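Undergrad: Sending over run16.cif (mmCIF, C-alpha atoms).
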```cif
data_work
loop_
_atom_site.group_PDB
_atom_site.id
_atom_site.type_symbol
_atom_site.label_atom_id
_atom_site.label_comp_id
_atom_site.auth_asym_id
_atom_site.auth_seq_id
_atom_site.Cartn_x
_atom_site.Cartn_y
_atom_site.Cartn_z
ATOM 1 C CA MET A 317 18.911 25.218 -37.075
ATOM 2 C CA GLU A 318 19.441 29.003 -37.101
ATOM 3 C CA VAL A 319 22.250 28.659 -34.571
ATOM 4 C CA TYR A 320 23.862 26.075 -36.839
ATOM 5 C CA ARG A 321 23.455 28.372 -39.882
ATOM 6 C CA LYS A 322 25.210 31.202 -37.998
ATOM 7 C CA LYS A 323 27.980 28.786 -37.035
ATOM 8 C CA LEU A 324 28.466 27.799 -40.689
ATOM 9 C CA GLU A 325 28.521 31.459 -41.772
ATOM 10 C CA LYS A 326 31.213 32.153 -39.177
ATOM 11 C CA GLN A 327 33.229 29.114 -40.322
ATOM 12 C CA LYS A 328 32.891 30.295 -43.945
ATOM 13 C CA LYS A 329 34.261 33.711 -42.998
ATOM 14 C CA ILE A 330 37.200 32.144 -41.127
ATOM 15 C CA CYS A 331 37.964 29.861 -44.110
ATOM 16 C CA GLY A 332 37.859 32.869 -46.435
ATOM 17 C CA TRP A 333 40.339 34.742 -44.273
ATOM 18 C CA ILE A 334 42.650 31.699 -43.992
ATOM 19 C CA SER A 335 42.647 31.209 -47.776
ATOM 20 C CA LEU A 336 43.365 34.920 -48.349
ATOM 21 C CA ILE A 337 46.185 34.983 -45.794
ATOM 22 C CA SER A 338 47.743 31.769 -47.109
ATOM 23 C CA PHE A 339 47.442 32.966 -50.719
ATOM 24 C CA PHE A 340 49.113 36.302 -50.032
ATOM 25 C CA SER A 341 51.776 34.731 -47.810
ATOM 26 C CA ILE A 342 53.107 32.500 -50.608
ATOM 27 C CA ILE A 343 55.028 35.341 -52.371
ATOM 28 C CA PRO A 344 56.793 36.615 -49.194
ATOM 29 C CA ILE A 345 57.674 33.005 -48.336
ATOM 30 C CA PHE A 346 59.236 32.591 -51.794
ATOM 31 C CA ILE A 347 61.364 35.671 -51.081
ATOM 32 C CA ILE A 348 62.374 34.301 -47.662
ATOM 33 C CA CYS A 349 63.341 30.998 -49.355
ATOM 34 C CA HIS A 350 66.065 32.832 -51.302
ATOM 35 C CA PHE A 351 67.756 33.738 -48.029
ATOM 36 C CA ASN A 352 66.921 30.647 -45.984
ATOM 37 C CA GLU A 353 66.422 27.294 -47.691
ATOM 38 C CA HIS A 354 64.777 25.828 -44.560
ATOM 39 C CA ALA A 355 61.775 28.089 -45.237
ATOM 40 C CA VAL A 356 60.697 25.799 -48.109
ATOM 41 C CA SER A 357 58.545 23.826 -45.652
ATOM 42 C CA LEU A 358 56.587 27.046 -45.018
ATOM 43 C CA ILE A 359 55.435 27.001 -48.663
ATOM 44 C CA HIS A 360 54.041 23.501 -48.122
ATOM 45 C CA VAL A 361 52.185 24.704 -45.022
ATOM 46 C CA ALA A 362 50.755 27.695 -46.908
ATOM 47 C CA LEU A 363 49.703 25.565 -49.882
ATOM 48 C CA VAL A 364 48.036 22.912 -47.692
ATOM 49 C CA ALA A 365 46.220 25.643 -45.723
ATOM 50 C CA LEU A 366 45.110 27.272 -48.994
ATOM 51 C CA VAL A 367 43.767 24.037 -50.517
ATOM 52 C CA ILE A 368 41.973 22.880 -47.345
ATOM 53 C CA SER A 369 40.436 26.301 -46.660
ATOM 54 C CA LEU A 370 39.267 26.659 -50.280
ATOM 55 C CA ILE A 371 37.633 23.202 -50.294
ATOM 56 C CA THR A 372 35.953 23.860 -46.924
ATOM 57 C CA HIS A 373 34.874 27.338 -48.034
ATOM 58 C CA SER A 374 33.231 26.035 -51.219
ATOM 59 C CA SER A 375 31.382 23.217 -49.394
ATOM 60 C CA LEU A 376 30.139 25.692 -46.750
ATOM 61 C CA LYS A 377 29.064 28.140 -49.467
ATOM 62 C CA LYS A 378 27.134 25.369 -51.224
ATOM 63 C CA ALA A 379 25.449 24.310 -47.969
ATOM 64 C CA LEU A 380 24.448 27.888 -47.136
ATOM 65 C CA LYS A 381 22.919 28.451 -50.576
ATOM 66 C CA ASN A 382 21.166 25.125 -51.028
ATOM 67 C CA ASP A 383 18.572 24.141 -48.386
ATOM 68 C CA GLU A 384 18.861 20.420 -49.094
ATOM 69 C CA ALA A 385 22.654 20.469 -48.804
ATOM 70 C CA PHE A 386 22.317 22.520 -45.608
ATOM 71 C CA LYS A 387 19.946 19.990 -44.029
ATOM 72 C CA LYS A 388 22.225 17.129 -45.076
ATOM 73 C CA MET A 389 25.203 18.846 -43.467
ATOM 74 C CA TYR A 390 23.169 19.702 -40.345
ATOM 75 C CA VAL A 391 22.057 16.080 -39.878
ATOM 76 C CA ARG A 392 25.581 14.767 -40.538
ATOM 77 C CA ASP A 393 27.197 17.189 -38.080
ATOM 78 C CA THR A 394 24.604 17.011 -35.302
ATOM 79 C CA ASP A 395 23.847 13.295 -35.470
ATOM 80 C CA GLU A 396 24.627 12.104 -31.948
ATOM 81 C CA ARG A 397 25.881 8.686 -33.089
ATOM 82 C CA ASN A 398 28.333 10.356 -35.493
ATOM 83 C CA ILE A 399 29.514 12.640 -32.674
ATOM 84 C CA GLN A 400 29.990 9.657 -30.356
ATOM 85 C CA ILE A 401 31.875 7.717 -33.047
ATOM 86 C CA GLY A 402 34.138 10.744 -33.573
ATOM 87 C CA LYS A 403 34.877 11.006 -29.849
ATOM 88 C CA MET A 404 35.639 7.286 -29.546
ATOM 89 C CA ALA A 405 37.849 7.335 -32.642
ATOM 90 C CA ALA A 406 39.715 10.429 -31.407
ATOM 91 C CA ASN A 407 40.269 8.850 -27.998
ATOM 92 C CA SER A 408 41.665 5.599 -29.368
ATOM 93 C CA ALA A 409 43.739 7.459 -31.991
ATOM 94 C CA LEU A 410 45.253 9.559 -29.200
ATOM 95 C CA PHE A 411 46.369 6.533 -27.162
ATOM 96 C CA ILE A 412 47.659 4.737 -30.265
ATOM 97 C CA SER A 413 49.624 7.841 -31.344
ATOM 98 C CA ILE A 414 51.201 8.122 -27.881
ATOM 99 C CA GLY A 415 52.225 4.454 -28.194
ATOM 100 C CA ILE A 416 53.653 5.075 -31.673
ATOM 101 C CA PHE A 417 55.586 8.120 -30.408
ATOM 102 C CA ILE A 418 57.114 6.047 -27.595
ATOM 103 C CA ALA A 419 57.962 3.144 -29.934
ATOM 104 C CA ALA A 420 59.484 5.527 -32.503
ATOM 105 C CA ALA A 421 61.490 7.301 -29.774
ATOM 106 C CA GLU A 422 62.854 3.944 -28.606
ATOM 107 C CA ALA A 423 63.710 2.968 -32.200
ATOM 108 C CA ALA A 424 65.497 6.290 -32.745
ATOM 109 C CA ARG A 425 67.439 5.811 -29.486
ATOM 110 C CA TRP A 426 68.437 2.308 -30.607
ATOM 111 C CA MET A 427 69.701 3.754 -33.928
ATOM 112 C CA ASN A 428 71.657 6.457 -32.036
ATOM 113 C CA TYR A 429 69.510 9.367 -33.315
ATOM 114 C CA ARG A 430 69.535 11.146 -29.978
ATOM 115 C CA ALA A 431 67.880 14.384 -31.105
ATOM 116 C CA VAL A 432 65.066 12.537 -32.889
ATOM 117 C CA SER A 433 64.523 10.262 -29.890
ATOM 118 C CA LEU A 434 64.361 13.248 -27.534
ATOM 119 C CA THR A 435 61.942 15.131 -29.812
ATOM 120 C CA LEU A 436 59.625 12.121 -30.061
ATOM 121 C CA SER A 437 59.767 11.510 -26.310
ATOM 122 C CA LEU A 438 58.949 15.165 -25.671
ATOM 123 C CA ALA A 439 56.054 14.993 -28.149
ATOM 124 C CA ALA A 440 54.654 11.930 -26.331
ATOM 125 C CA ILE A 441 54.965 13.717 -22.976
ATOM 126 C CA MET A 442 53.364 16.896 -24.354
ATOM 127 C CA VAL A 443 50.412 15.003 -25.860
ATOM 128 C CA THR A 444 49.866 13.200 -22.532
ATOM 129 C CA ILE A 445 50.026 16.462 -20.565
ATOM 130 C CA ILE A 446 47.616 18.197 -22.980
ATOM 131 C CA TYR A 447 45.220 15.246 -22.687
ATOM 132 C CA MET A 448 45.329 15.364 -18.873
ATOM 133 C CA LEU A 449 44.844 19.164 -18.822
ATOM 134 C CA SER A 450 41.879 18.896 -21.205
ATOM 135 C CA MET A 451 40.361 16.184 -19.013
ATOM 136 C CA ALA A 452 40.750 18.413 -15.941
ATOM 137 C CA TYR A 453 39.199 21.368 -17.805
ATOM 138 C CA PHE A 454 36.176 19.406 -18.993
ATOM 139 C CA ARG A 455 35.725 17.778 -15.569
ATOM 140 C CA LYS A 456 35.409 21.278 -14.111
ATOM 141 C CA LYS A 457 33.179 22.459 -16.929
ATOM 142 C CA LEU A 458 30.678 19.583 -16.868
ATOM 143 C CA MET B 1079 22.366 -1.957 -18.007
ATOM 144 C CA ASN B 1080 21.023 -3.179 -21.320
ATOM 145 C CA VAL B 1081 18.334 -1.108 -23.022
ATOM 146 C CA LYS B 1082 15.936 -2.520 -25.580
ATOM 147 C CA ASN B 1083 13.516 -0.498 -27.649
ATOM 148 C CA LYS B 1084 10.372 -0.912 -29.685
ATOM 149 C CA ILE B 1085 11.365 1.487 -32.467
ATOM 150 C CA GLN B 1086 11.398 -1.091 -35.267
ATOM 151 C CA GLU B 1087 8.102 -2.620 -34.117
ATOM 152 C CA LEU B 1088 6.318 0.731 -33.900
ATOM 153 C CA ARG B 1089 7.869 2.040 -37.110
ATOM 154 C CA LYS B 1090 6.717 -0.982 -39.092
ATOM 155 C CA ALA B 1091 3.254 -0.834 -37.516
ATOM 156 C CA ARG B 1092 2.906 2.783 -38.651
ATOM 157 C CA LYS B 1093 4.414 2.054 -42.081
ATOM 158 C CA VAL B 1094 7.165 4.610 -41.635
ATOM 159 C CA THR B 1095 10.462 4.074 -43.441
ATOM 160 C CA GLN B 1096 13.804 4.339 -41.665
ATOM 161 C CA GLN B 1097 14.644 7.435 -43.745
ATOM 162 C CA GLU B 1098 11.345 9.131 -42.832
ATOM 163 C CA LEU B 1099 11.945 8.457 -39.159
ATOM 164 C CA ALA B 1100 15.532 9.663 -39.475
ATOM 165 C CA ASP B 1101 14.356 12.897 -41.133
ATOM 166 C CA ALA B 1102 11.739 13.442 -38.428
ATOM 167 C CA LEU B 1103 14.296 12.972 -35.651
ATOM 168 C CA SER B 1104 17.089 14.897 -37.483
ATOM 169 C CA VAL B 1105 19.494 11.970 -37.394
ATOM 170 C CA THR B 1106 21.054 9.785 -40.061
ATOM 171 C CA ARG B 1107 19.438 6.543 -41.262
ATOM 172 C CA GLN B 1108 22.466 4.684 -39.863
ATOM 173 C CA THR B 1109 21.527 5.896 -36.385
ATOM 174 C CA ILE B 1110 18.011 4.476 -36.785
ATOM 175 C CA ILE B 1111 19.469 1.157 -37.997
ATOM 176 C CA SER B 1112 21.836 1.013 -35.006
ATOM 177 C CA LEU B 1113 19.014 1.876 -32.606
ATOM 178 C CA GLU B 1114 16.787 -0.836 -34.050
ATOM 179 C CA ASN B 1115 19.587 -3.391 -33.888
ATOM 180 C CA GLY B 1116 20.315 -2.456 -30.284
ATOM 181 C CA LYS B 1117 23.900 -1.507 -31.137
ATOM 182 C CA TYR B 1118 23.458 2.097 -30.006
ATOM 183 C CA ASN B 1119 21.655 3.592 -27.011
ATOM 184 C CA ALA B 1120 19.873 6.868 -27.705
ATOM 185 C CA SER B 1121 20.585 9.982 -25.643
ATOM 186 C CA LEU B 1122 17.823 11.421 -23.482
ATOM 187 C CA THR B 1123 17.119 14.084 -26.128
ATOM 188 C CA LEU B 1124 16.802 11.557 -28.951
ATOM 189 C CA ALA B 1125 14.753 9.206 -26.774
ATOM 190 C CA HIS B 1126 12.399 12.092 -25.979
ATOM 191 C CA LYS B 1127 12.097 13.031 -29.678
ATOM 192 C CA ALA B 1128 11.422 9.408 -30.670
ATOM 193 C CA ALA B 1129 8.814 8.969 -27.940
ATOM 194 C CA GLN B 1130 7.124 12.193 -29.065
ATOM 195 C CA PHE B 1131 7.155 11.002 -32.670
ATOM 196 C CA PHE B 1132 5.337 7.781 -31.751
ATOM 197 C CA GLY B 1133 3.078 9.547 -29.248
ATOM 198 C CA ILE B 1134 4.101 7.402 -26.300
ATOM 199 C CA THR B 1135 6.280 7.837 -23.223
ATOM 200 C CA ILE B 1136 10.004 7.089 -23.052
ATOM 201 C CA GLU B 1137 9.298 4.207 -20.652
ATOM 202 C CA GLU B 1138 6.949 2.651 -23.186
ATOM 203 C CA LEU B 1139 9.463 2.993 -26.017
ATOM 204 C CA PHE B 1140 12.601 1.916 -24.160
ATOM 205 C CA ILE B 1141 12.794 -1.133 -21.913
ATOM 206 C CA PHE B 1142 15.524 -1.331 -19.302
ATOM 207 C CA GLU B 1143 16.543 -4.973 -18.947
ATOM 208 C CA ASP B 1144 17.099 -4.684 -15.181
ATOM 209 C CA GLU B 1145 13.546 -3.470 -14.758
ATOM 210 C CA GLU B 1146 12.281 -6.394 -16.801
ATOM 211 C CA ASN B 1147 13.894 -8.856 -14.425
ATOM 212 C CA LEU B 1148 12.291 -7.243 -11.358
#
```
Can you present the structure in this file as structure tokens?
TA:
Amino acid sequence: MEVYRKKLEKQKKICGWISLISFFSIIPIFIICHFNEHAVSLIHVALVALVISLITHSSLKKALKNDEAFKKMYVRDTDERNIQIGKMAANSALFISIGIFIAAAEAARWMNYRAVSLTLSLAAIMVTIIYMLSMAYFRKKL
Amino acid sequence: MNVKNKIQELRKARKVTQQELADALSVTRQTIISLENGKYNASLTLAHKAAQFFGITIEELFIFEDEENL
């Protein structure tokens, strides 16, 4: 349990840093937006990062202060059935997303959106390559 | 290979609730329910913990169906 507590403390620190960085990056992004309107999407990224990191930070803080909340989180995160469910869900989601990428690329090609079709095809190829590389890495590791 | 277990039988005999067993084994109650229903096979670590909790061996707690047929 002590190892898990240290892990949570580390995650809390990382979340704190991410929220600080995203908070202080909003003003410079606003300035950039005046010169380049495409930078607006960066504000969305910063805001999403800020909200997610703040929510995670507060839940980790609560778990580290309250023993009952800590035990609840420990059981939820280390429960082997939950871990297995997560792995199975991630695996099926990966294959479904590759299929969706390919279908969307084909649809974009059919509608003559060449750049979109190419981007989606490349994304599907990249995801497949990353999956195969990860498999090779973990085969070596285990 | 199908694996059966006597968790529900032993738990009821010792008047232990699913939540108490889950707390003792550091798993969720849903895991205990799945184990009892035979929907989920425990890892070696969890099987060892469960066997220790009931004070029996893993072989006594878990029954391998292939072995039964021998």
Undergrad: So what do you get for CA of Gln400 (chain A) versus CA of Gly332 (chain A), distance-wise?
TA: 29.3 Å
Undergrad: Excluding Ile1141 (chain B) and any residue of its chain fewer than 5 positions from it, enumerate the residues within 9 Å of it, using only C-alpha atoms, and give them as a PDB file with C-alpha atoms, keeping the file's coordinate frame.
TA:
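Saved file selection05.pdb follows:
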```pdb
ATOM      1  CA  ASN B1080      21.023  -3.179 -21.320  1.00  0.00           C
ATOM      2  CA  VAL B1081      18.334  -1.108 -23.022  1.00  0.00           C
ATOM      3  CA  LYS B1082      15.936  -2.520 -25.580  1.00  0.00           C
ATOM      4  CA  ASN B1083      13.516  -0.498 -27.649  1.00  0.00           C
ATOM      5  CA  LYS B1084      10.372  -0.912 -29.685  1.00  0.00           C
ATOM      6  CA  ILE B1136      10.004   7.089 -23.052  1.00  0.00           C
ATOM      7  CA  GLU B1146      12.281  -6.394 -16.801  1.00  0.00           C
TER       8      GLU B1146
END
```
Undergrad: From the list B:Ala1128, B:Leu1139, B:Leu1122, B:Ala1091, which residue is nearest Leu1103 (chain B) when using only C-alpha atoms?
TA: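 Nearest to Leu1103 (chain B): B:Ala1128.
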Undergrad: Selection in question (the file shown): the PyMOL selection byres ((chain B) within 12 of (chain A)). Which residues does it include, as a PyMOL selection string?
TA: chain B and resi 1100-1113+1117-1125
Undergrad: Could you expand the PyMOL selection byres ((chain A and resi 421) around 10) into the explicit residues it covers here, written as number ranges by chain?
TA: A: 415-420, 422-427, 429-440
Undergrad: Per residue of region 340-422 of chain A within 12 Å of region 444-457 of chain A, record the nearest atom pair and its distance in Å to one decimal, counting only C-alpha atoms, with rows in chain order and ascending residue number, as a Markdown table.
TA:
```
| residue | atom | partner | partner_atom | distance |
| --- | --- | --- | --- | --- |
| A:Ala406 | CA | A:Tyr447 | CA | 11.4 |
| A:Asn407 | CA | A:Tyr447 | CA | 9.7 |
| A:Leu410 | CA | A:Tyr447 | CA | 8.6 |
| A:Phe411 | CA | A:Thr444 | CA | 8.8 |
| A:Ile412 | CA | A:Thr444 | CA | 11.7 |
| A:Ser413 | CA | A:Thr444 | CA | 10.3 |
| A:Ile414 | CA | A:Thr444 | CA | 7.5 |
| A:Gly415 | CA | A:Thr444 | CA | 10.7 |
| A:Phe417 | CA | A:Thr444 | CA | 11.0 |
| A:Ile418 | CA | A:Thr444 | CA | 11.4 |
```
Undergrad: Kindly add N, CA and C atoms to the incomplete region 398-415 of chain A and provide the output as an mmCIF file, keeping the file's coordinate frame.
TA:
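Saved file rebuild.cif follows:
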```cif
data_model
loop_
_atom_site.group_PDB
_atom_site.id
_atom_site.type_symbol
_atom_site.label_atom_id
_atom_site.label_comp_id
_atom_site.auth_asym_id
_atom_site.auth_seq_id
_atom_site.Cartn_x
_atom_site.Cartn_y
_atom_site.Cartn_z
ATOM 1 N N ASN A 398 27.121 9.905 -34.792
ATOM 2 C CA ASN A 398 28.333 10.356 -35.493
ATOM 3 C C ASN A 398 29.279 11.057 -34.517
ATOM 4 N N ILE A 399 28.695 11.900 -33.646
ATOM 5 C CA ILE A 399 29.514 12.640 -32.674
ATOM 6 C C ILE A 399 30.209 11.661 -31.728
ATOM 7 N N GLN A 400 29.426 10.647 -31.280
ATOM 8 C CA GLN A 400 29.990 9.657 -30.356
ATOM 9 C C GLN A 400 31.099 8.840 -31.033
ATOM 10 N N ILE A 401 30.866 8.475 -32.298
ATOM 11 C CA ILE A 401 31.875 7.717 -33.047
ATOM 12 C C ILE A 401 33.161 8.553 -33.160
ATOM 13 N N GLY A 402 32.983 9.848 -33.456
ATOM 14 C CA GLY A 402 34.138 10.744 -33.573
ATOM 15 C C GLY A 402 34.933 10.821 -32.278
ATOM 16 N N LYS A 403 34.209 10.916 -31.149
ATOM 17 C CA LYS A 403 34.877 11.006 -29.849
ATOM 18 C C LYS A 403 35.645 9.722 -29.544
ATOM 19 N N MET A 404 34.998 8.575 -29.818
ATOM 20 C CA MET A 404 35.639 7.286 -29.546
ATOM 21 C C MET A 404 36.869 7.098 -30.428
ATOM 22 N N ALA A 405 36.727 7.484 -31.712
ATOM 23 C CA ALA A 405 37.849 7.335 -32.642
ATOM 24 C C ALA A 405 39.010 8.235 -32.227
ATOM 25 N N ALA A 406 38.676 9.477 -31.813
ATOM 26 C CA ALA A 406 39.715 10.429 -31.407
ATOM 27 C C ALA A 406 40.446 9.924 -30.165
ATOM 28 N N ASN A 407 39.683 9.352 -29.231
ATOM 29 C CA ASN A 407 40.269 8.850 -27.998
ATOM 30 C C ASN A 407 41.230 7.697 -28.269
ATOM 31 N N SER A 408 40.777 6.738 -29.096
ATOM 32 C CA SER A 408 41.665 5.599 -29.368
ATOM 33 C C SER A 408 42.862 6.038 -30.209
ATOM 34 N N ALA A 409 42.632 6.975 -31.148
ATOM 35 C CA ALA A 409 43.739 7.459 -31.991
ATOM 36 C C ALA A 409 44.798 8.145 -31.133
ATOM 37 N N LEU A 410 44.327 8.861 -30.091
ATOM 38 C CA LEU A 410 45.253 9.559 -29.200
ATOM 39 C C LEU A 410 46.173 8.568 -28.489
ATOM 40 N N PHE A 411 45.561 7.506 -27.906
ATOM 41 C CA PHE A 411 46.369 6.533 -27.162
ATOM 42 C C PHE A 411 47.300 5.762 -28.095
ATOM 43 N N ILE A 412 46.810 5.446 -29.300
ATOM 44 C CA ILE A 412 47.659 4.737 -30.265
ATOM 45 C C ILE A 412 48.826 5.633 -30.694
ATOM 46 N N SER A 413 48.546 6.942 -30.907
ATOM 47 C CA SER A 413 49.624 7.841 -31.344
ATOM 48 C C SER A 413 50.667 8.015 -30.247
ATOM 49 N N ILE A 414 50.223 8.034 -28.986
ATOM 50 C CA ILE A 414 51.201 8.122 -27.881
ATOM 51 C C ILE A 414 52.102 6.883 -27.912
ATOM 52 N N GLY A 415 51.474 5.713 -28.117
ATOM 53 C CA GLY A 415 52.225 4.454 -28.194
ATOM 54 C C GLY A 415 53.210 4.473 -29.347
#
```
